[in-house]
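Raw contents of run_37.txt, compact mmCIF, C-alpha atoms:
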# COMPACT_ATOMS: atom_id res chain seq x y z
CA ALA A 185 0.00 0.00 0.00
CA ARG A 186 2.89 2.38 0.83
CA LEU A 187 4.49 1.59 -2.56
CA LEU A 188 1.23 2.29 -4.40
CA LEU A 189 0.91 5.57 -2.49
CA ALA A 190 4.42 6.60 -3.44
CA LEU A 191 3.82 5.74 -7.10
CA GLY A 192 0.64 7.79 -7.08
CA LEU A 193 2.49 10.78 -5.60
CA VAL A 194 5.35 10.47 -8.07
CA LEU A 195 2.87 10.47 -10.94
CA ALA A 196 1.15 13.54 -9.56
CA THR A 197 4.47 15.37 -9.22
CA SER A 198 5.87 14.36 -12.61
CA VAL A 199 2.90 15.66 -14.57
CA ASN A 200 2.52 18.70 -12.27
CA SER A 201 -1.16 17.90 -11.93
CA THR A 202 -2.94 19.26 -8.88
CA ASP A 203 -6.00 17.14 -9.63
CA ALA A 204 -3.97 13.93 -9.75
CA PHE A 205 -2.30 14.68 -6.43
CA GLN A 206 -5.60 15.60 -4.81
CA ASN A 207 -7.07 12.30 -5.96
CA ALA A 208 -4.15 10.45 -4.39
CA ALA A 209 -4.65 12.36 -1.14
CA LEU A 210 -8.36 11.62 -1.15
CA GLY A 211 -7.65 7.94 -1.70
CA VAL A 212 -5.40 7.75 1.34
CA ASN A 213 -7.82 9.66 3.54
CA SER A 214 -10.72 7.46 2.38
CA GLN A 215 -8.82 4.35 3.46
CA ARG A 216 -8.17 5.89 6.88
CA GLY A 217 -11.76 7.07 7.20
CA ALA A 218 -13.06 3.54 6.46
CA ARG A 219 -11.32 2.26 9.56
CA VAL A 220 -13.37 4.56 11.76
CA GLY A 221 -16.54 4.59 9.64
CA ALA A 222 -16.22 8.23 8.64
CA ASN A 223 -15.86 8.28 4.84
CA SER A 224 -18.93 10.42 4.29
CA ARG A 225 -17.48 13.29 6.34
CA ARG A 226 -13.89 13.26 5.06
CA SER A 227 -14.14 16.27 2.71
CA ALA A 228 -16.05 18.38 5.22
CA LEU A 229 -13.60 17.70 8.03
CA CYS A 230 -10.48 18.15 5.93
CA ALA A 231 -10.71 21.91 6.11
CA ARG A 232 -10.83 21.59 9.91
CA SER A 233 -7.74 19.41 10.20
CA GLY A 234 -4.27 20.84 10.81
CA ARG A 235 -0.48 20.72 10.72
CA ALA A 236 2.27 22.89 12.20
CA ALA A 237 2.73 26.46 10.99
CA GLY A 238 5.27 26.89 8.23
CA SER A 239 4.62 23.44 6.80
CA ARG A 240 2.53 24.36 3.74
CA LEU A 241 2.47 21.62 1.13
CA PHE A 242 3.33 22.80 -2.37
CA MET A 243 2.19 20.94 -5.50
CA THR A 244 5.54 21.13 -7.27
CA GLY A 245 8.22 18.50 -7.68
CA GLY A 246 11.20 18.44 -5.38
CA GLY A 247 12.75 15.01 -5.53
CA LEU A 248 12.66 12.27 -2.93
CA ASP A 249 12.73 14.63 0.08
CA ASP A 250 9.70 16.47 -1.23
CA LEU A 251 7.91 13.18 -1.78
CA ARG A 252 8.58 12.13 1.80
CA LEU A 253 7.22 15.42 3.10
CA LYS A 254 4.06 14.95 1.06
CA VAL A 255 3.56 11.43 2.41
CA LYS A 256 4.06 12.65 5.99
CA ALA A 257 1.65 15.54 5.39
CA ILE A 258 -1.07 13.17 4.19
CA GLU A 259 -0.48 10.80 7.10
CA LEU A 260 -0.67 13.62 9.65
CA GLU A 261 -3.75 15.09 8.03
CA GLY A 262 -5.39 11.67 8.09
CA MET A 263 -4.64 11.14 11.78
CA ARG A 264 -6.07 14.53 12.70
CA CYS A 265 -9.21 13.97 10.62
CA ASP A 266 -9.73 10.53 12.13
CA LEU A 267 -9.24 11.89 15.65
CA LEU A 268 -11.72 14.74 15.29
CA ASN A 269 -14.18 12.42 13.54
CA LEU A 270 -14.14 10.06 16.49
CA CYS A 271 -14.29 12.88 19.03
CA ASP A 272 -17.47 14.25 17.47
CA LYS A 273 -18.95 10.77 17.08
CA THR A 274 -18.65 10.17 20.84
CA LEU A 275 -20.28 13.49 21.84
CA ARG A 276 -17.14 14.90 23.45
CA GLY A 277 -16.55 11.55 25.17
CA VAL A 278 -19.99 10.89 26.64
CA THR A 279 -20.41 7.63 24.68
CA SER A 280 -16.74 6.52 24.71
CA LEU A 281 -16.68 4.56 27.96
CA GLU A 282 -13.42 3.40 29.48
CA ASP A 283 -13.25 0.01 27.76
CA SER A 284 -14.96 1.01 24.51
CA ASP A 285 -13.40 0.55 21.07
CA ASP A 286 -13.88 4.26 20.33
CA ARG A 287 -11.83 5.27 23.36
CA LYS A 288 -9.05 2.85 22.41
CA LEU A 289 -8.94 4.25 18.87
CA ILE A 290 -8.93 7.84 20.11
CA MET A 291 -6.12 7.16 22.57
CA GLU A 292 -4.06 5.44 19.85
CA LEU A 293 -4.38 8.52 17.64
CA VAL A 294 -3.60 10.84 20.57
CA GLU A 295 -0.40 8.95 21.33
CA LYS A 296 0.67 8.93 17.67
CA LEU A 297 0.19 12.69 17.41
CA GLU A 298 2.05 13.32 20.66
CA LYS A 299 5.08 11.55 19.16
CA VAL A 300 5.21 14.09 16.29
CA ASN A 301 4.34 17.18 18.36
CA PRO A 302 5.55 20.17 16.27
CA GLU A 303 5.68 22.57 19.24
CA PRO A 304 7.88 21.30 22.12
CA LYS A 305 7.50 24.62 23.99
CA PRO A 306 3.76 25.34 23.79
CA LEU A 307 3.73 27.89 26.61
CA SER A 308 6.07 30.09 24.57
CA SER A 309 3.87 29.86 21.47
CA THR A 310 1.27 32.52 20.70
CA VAL A 311 -0.93 29.73 19.31
CA ILE A 312 -1.86 28.54 22.80
CA ASN A 313 -3.65 31.83 23.54
CA GLY A 314 -7.31 32.13 22.65
CA ASN A 315 -10.69 30.43 22.92
CA TRP A 316 -10.42 26.64 22.62
CA ARG A 317 -13.39 24.37 21.98
CA LEU A 318 -13.41 21.03 23.82
CA ARG A 319 -13.81 18.19 21.32
CA TRP A 320 -13.21 15.21 23.62
CA THR A 321 -12.21 14.36 27.18
CA THR A 322 -12.08 11.48 29.63
CA SER A 323 -13.00 13.81 32.52
CA GLN A 324 -16.45 12.85 33.82
CA SER A 325 -16.66 15.99 35.96
CA ILE A 326 -16.30 18.20 32.88
CA LEU A 327 -18.69 16.10 30.79
CA GLY A 328 -21.18 16.52 33.64
CA ARG A 329 -23.34 13.48 32.82
CA ASN A 330 -23.54 12.34 36.45
CA ARG A 331 -25.29 15.49 37.58
CA MET A 332 -28.97 15.70 38.41
CA ARG A 333 -31.11 15.78 35.28
CA GLY A 334 -31.83 19.36 34.28
CA PHE A 335 -28.39 20.59 35.32
CA ARG A 336 -26.23 18.58 32.93
CA VAL A 337 -24.00 20.13 30.28
CA ASP A 338 -25.88 20.77 27.03
CA LEU A 339 -24.59 18.29 24.42
CA ASN A 340 -25.73 20.54 21.58
CA LYS A 341 -23.55 23.49 22.62
CA PRO A 342 -19.75 23.77 22.90
CA ILE A 343 -17.64 23.83 26.04
CA PHE A 344 -14.89 26.45 25.81
CA GLN A 345 -11.56 27.04 27.52
CA GLU A 346 -10.05 30.51 27.30
CA ILE A 347 -6.27 30.65 27.79
CA ASP A 348 -4.12 33.76 28.27
CA ALA A 349 -0.51 32.58 28.61
CA ILE A 350 0.71 36.19 28.81
CA ASN A 351 -1.27 37.04 31.95
CA LEU A 352 -1.27 33.38 33.06
CA THR A 353 -5.03 33.03 33.41
CA ALA A 354 -7.61 30.55 32.15
CA ARG A 355 -11.39 30.27 32.15
CA ASN A 356 -13.62 27.26 31.48
CA VAL A 357 -17.19 27.88 30.31
CA GLU A 358 -19.91 25.22 30.10
CA PRO A 359 -23.43 25.64 28.63
CA ILE A 360 -26.52 24.47 30.52
CA THR A 361 -30.11 24.16 29.28
CA THR A 362 -32.71 23.20 31.87
CA PHE A 363 -36.53 23.15 32.08
CA ARG A 364 -36.68 22.30 28.40
CA GLY A 365 -40.45 22.00 28.53
CA LEU A 366 -40.85 25.72 29.27
CA PHE A 367 -40.51 27.84 26.13
CA GLY A 368 -37.50 25.90 24.88
CA GLY A 369 -35.72 25.76 28.21
CA LEU A 370 -33.73 28.06 30.46
CA GLN A 371 -30.22 28.58 29.10
CA TYR A 372 -27.22 29.82 31.07
CA THR A 373 -23.51 29.15 31.56
CA ASN A 374 -21.33 28.07 34.45
CA SER A 375 -17.69 29.10 34.49
CA VAL A 376 -14.55 28.81 36.58
CA GLU A 377 -11.59 31.20 36.56
CA ALA A 378 -8.05 29.97 37.21
CA GLU A 379 -4.48 31.15 37.65
CA LEU A 380 -1.72 29.38 35.72
CA ILE A 381 1.72 28.76 37.21
CA PRO A 382 4.30 27.46 34.68
CA VAL A 383 6.50 24.60 35.90
CA SER A 384 8.06 23.67 32.52
CA ASP A 385 7.88 24.58 28.83
CA SER A 386 4.66 22.58 28.49
CA MET A 387 3.17 22.14 31.98
CA VAL A 388 1.33 24.50 34.29
CA LYS A 389 -0.10 24.23 37.76
CA VAL A 390 -3.75 25.30 37.75
CA GLN A 391 -5.12 27.09 40.80
CA PHE A 392 -8.84 27.67 40.49
CA LYS A 393 -9.80 31.08 41.84
CA ARG A 394 -13.53 31.67 41.37
CA PHE A 395 -16.68 29.79 40.41
CA ASN A 396 -19.54 31.55 38.62
CA LEU A 397 -22.87 29.72 38.44
CA PHE A 398 -26.18 30.42 36.68
CA GLY A 399 -24.61 32.97 34.36
CA GLY A 400 -22.87 34.76 37.25
CA LEU A 401 -25.91 35.13 39.50
CA ILE A 402 -24.01 33.10 42.08
CA SER A 403 -20.26 33.68 42.38
CA PHE A 404 -17.88 32.52 45.08
CA LYS A 405 -14.18 32.06 45.75
CA ALA A 406 -12.74 28.64 44.99
CA PRO A 407 -11.22 26.72 47.91
CA ALA A 408 -7.43 26.45 48.06
CA LYS A 409 -7.61 22.70 47.43
CA ALA A 410 -9.22 23.31 44.02
CA ARG A 411 -6.06 22.90 41.98
CA GLY A 412 -4.33 20.60 39.53
CA GLU A 413 -1.79 20.38 36.73
CA LEU A 414 -2.10 20.45 32.95
CA ASP A 415 0.54 19.36 30.43
CA THR A 416 0.18 20.31 26.75
CA THR A 417 1.52 17.31 24.85
CA TYR A 418 0.59 18.40 21.31
CA LEU A 419 0.04 21.81 19.74
CA ASP A 420 -0.12 22.93 16.13
CA ALA A 421 -1.10 26.13 14.38
CA GLY A 422 -3.34 24.51 11.78
CA ILE A 423 -2.32 22.90 8.50
CA ILE A 424 -2.87 23.51 4.83
CA CYS A 425 -5.35 20.84 3.74
CA THR A 426 -3.96 18.71 0.90
CA VAL A 427 -7.41 18.51 -0.72
CA ASN A 428 -8.69 22.09 -0.79
CA ASN A 429 -5.53 24.04 0.20
CA GLN A 430 -7.36 25.75 3.09
CA LEU A 431 -5.90 26.43 6.54
CA GLY A 432 -7.66 24.33 9.17
CA GLU A 433 -8.18 24.66 12.90
CA CYS A 434 -5.42 24.61 15.49
CA LEU A 435 -5.28 21.40 17.50
CA ARG A 436 -4.22 20.98 21.14
CA ILE A 437 -3.93 17.85 23.25
CA SER A 438 -3.43 18.14 27.01
CA ARG A 439 -3.14 15.71 29.92
CA GLY A 440 -4.19 16.41 33.48
CA ASP A 441 -2.55 15.25 36.71
CA ARG A 442 -5.44 12.86 37.39
CA GLY A 443 -4.88 10.99 34.13
CA ASN A 444 -7.54 12.77 32.11
CA VAL A 445 -6.99 13.62 28.44
CA PHE A 446 -8.35 16.66 26.60
CA VAL A 447 -8.61 17.28 22.84
CA LEU A 448 -9.39 20.87 21.82
CA THR A 449 -9.50 22.92 18.62
CA LYS A 450 -9.35 26.66 17.92
CA ASP A 451 -10.33 28.63 14.82
CA ASN A 452 -7.53 30.39 12.97

Represent the structure of the file as structure tokens.
Amino acid sequence: ARLLLALGLVLATSVNSTDAFQNAALGVNSQRGARVGANSRRSALCARSGRAAGSRLFMTGGGLDDLRLKVKAIELEGMRCDLLNLCDKTLRGVTSLEDSDDRKLIMELVEKLEKVNPEPKPLSSTVINGNWRLRWTTSQSILGRNRMRGFRVDLNKPIFQEIDAINLTARNVEPITTFRGLFGGLQYTNSVEAELIPVSDSMVKVQFKRFNLFGGLISFKAPAKARGELDTTYLDAGIICTVNNQLGECLRISRGDRGNVFVLTKDN
């Protein structure tokens, strides 16, 4: 299969045909998508996949080195697409229980991406700043499915994490919709503010400072024991999609001190 892929790429390069190369890329991504049952969404998700900044893929010949870069670009793009496909399929992790096949597949992709992390010093990168959307996690407290019915996190709305590495602050925001039978339900957000304390180029201690409930109607200081650690194990600035040449979302993978894993994306 690798030989056929290489031959297809060589053909695309030798005739300088963008269409031929795109067909080869689509073929590889379709094979990957079949393994996770996501072929029908490949083209739509491609624009949301990513690779490190400065790694744009050009459709011109460049010898064996250029061919290797193209193969790696397609492989990385495929892993990212597969990961985000699975994350969305499991509703941020609600349906991917600890021993499920989906969780095993997601963790395999997470570990593969961590091995090729393009940003070894994420806290020094401007990419880490901004509003990140949670795509998947193993944290049951964040998923909020064990709460009393009516106060669970809304599965139809995104959970966000705002990071400011300059001022060393963070804020998590979760959407709630309750009393759905009354005029579409009562909608509000809960949030928690935190202080970040760097301990390495990728890890921070997280000291929660304040909880804001019911859209801020109730606000109180977090206890001193409300703290943890977060290590960013993968960060990219978005890639140029090999199919439509569009810049996709940034991708971040983090691990908490209690063993939880977080997959997040941010618009460019």

* Asked: Residues at most 7 Å from Tyr418 of chain A, counting only C-alpha atoms, excluding those fewer than 3 positions away in the same chain, as an MDAnalysis selection string?
  -> chainID A and resid 297:298 301 303 436:438

* Pick the closest to Thr449 of chain A from A:Lys296, A:Lys405, A:Arg317, A:Lys305: which is it, counting only C-alpha atoms? ->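 The answer is A:Arg317, which sits nearest to Thr449 of chain A.
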
* Enumerate, as a ChimeraX atom specification, the protein, DNA and RNA residues whose atoms approach (-25.9, 28.7, 30.1) to within 6 Å, taking into account only C-alpha atoms and the coordinate frame of the file. => /A:359-360,371-373

* Extract, using all atoms listed in the file, all DNA, RNA and protein residues at most 7 Å from Leu327 of chain A, discarding same-chain residues fewer than 3 positions from it, and format them as a PyMOL selection string. => chain A and resi 278+323-324+337

* **Spatial sel., origin (-18.1, 11.7, 20.3), limit 12 Å, all atoms listed in the file, listed as a PyMOL selection string** => chain A and resi 266-281+284+286-287+289-290+318-322+327+339-340+447

* Asked: Do you know which residues are at most 9 Å from segment 385-392 of chain A counting only C-alpha atoms, after dropping those on the same chain fewer than 5 positions away, and could you put them as a list in words?
  ->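 Here the qualifying residues turn out to be Pro304, Lys305, Pro306, Leu307, Ser308, Thr353, Ala354, Val376, Glu377, Ala378, Glu379, Leu380, Lys405, Ala406, Pro407, Ala408, Lys409, Ala410, Arg411, Gly412, Glu413, Leu414, Asp415, Thr416 and Thr417 of chain A.
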
With C-alpha atoms retained, write the just-selected residues as an mmCIF file, in the frame of the given file.
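Just written: part25.cif:
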data_model
loop_
_atom_site.group_PDB
_atom_site.id
_atom_site.type_symbol
_atom_site.label_atom_id
_atom_site.label_comp_id
_atom_site.auth_asym_id
_atom_site.auth_seq_id
_atom_site.Cartn_x
_atom_site.Cartn_y
_atom_site.Cartn_z
ATOM 1 C CA PRO A 304 7.880 21.300 22.120
ATOM 2 C CA LYS A 305 7.500 24.620 23.990
ATOM 3 C CA PRO A 306 3.760 25.340 23.790
ATOM 4 C CA LEU A 307 3.730 27.890 26.610
ATOM 5 C CA SER A 308 6.070 30.090 24.570
ATOM 6 C CA THR A 353 -5.030 33.030 33.410
ATOM 7 C CA ALA A 354 -7.610 30.550 32.150
ATOM 8 C CA VAL A 376 -14.550 28.810 36.580
ATOM 9 C CA GLU A 377 -11.590 31.200 36.560
ATOM 10 C CA ALA A 378 -8.050 29.970 37.210
ATOM 11 C CA GLU A 379 -4.480 31.150 37.650
ATOM 12 C CA LEU A 380 -1.720 29.380 35.720
ATOM 13 C CA LYS A 405 -14.180 32.060 45.750
ATOM 14 C CA ALA A 406 -12.740 28.640 44.990
ATOM 15 C CA PRO A 407 -11.220 26.720 47.910
ATOM 16 C CA ALA A 408 -7.430 26.450 48.060
ATOM 17 C CA LYS A 409 -7.610 22.700 47.430
ATOM 18 C CA ALA A 410 -9.220 23.310 44.020
ATOM 19 C CA ARG A 411 -6.060 22.900 41.980
ATOM 20 C CA GLY A 412 -4.330 20.600 39.530
ATOM 21 C CA GLU A 413 -1.790 20.380 36.730
ATOM 22 C CA LEU A 414 -2.100 20.450 32.950
ATOM 23 C CA ASP A 415 0.540 19.360 30.430
ATOM 24 C CA THR A 416 0.180 20.310 26.750
ATOM 25 C CA THR A 417 1.520 17.310 24.850
#

* **Nearest-residue call for Glu292 of chain A, choices A:Leu397, A:Ile402, A:Gly334, A:Arg264, using all atoms listed in the file** => A:Arg264

* Point-to-point distance in Å for atom CA of Val383 of chain A and atom CA of Arg355 of chain A ->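 Atom CA of Val383 of chain A lies at a distance of 19.1 Å from atom CA of Arg355 of chain A.
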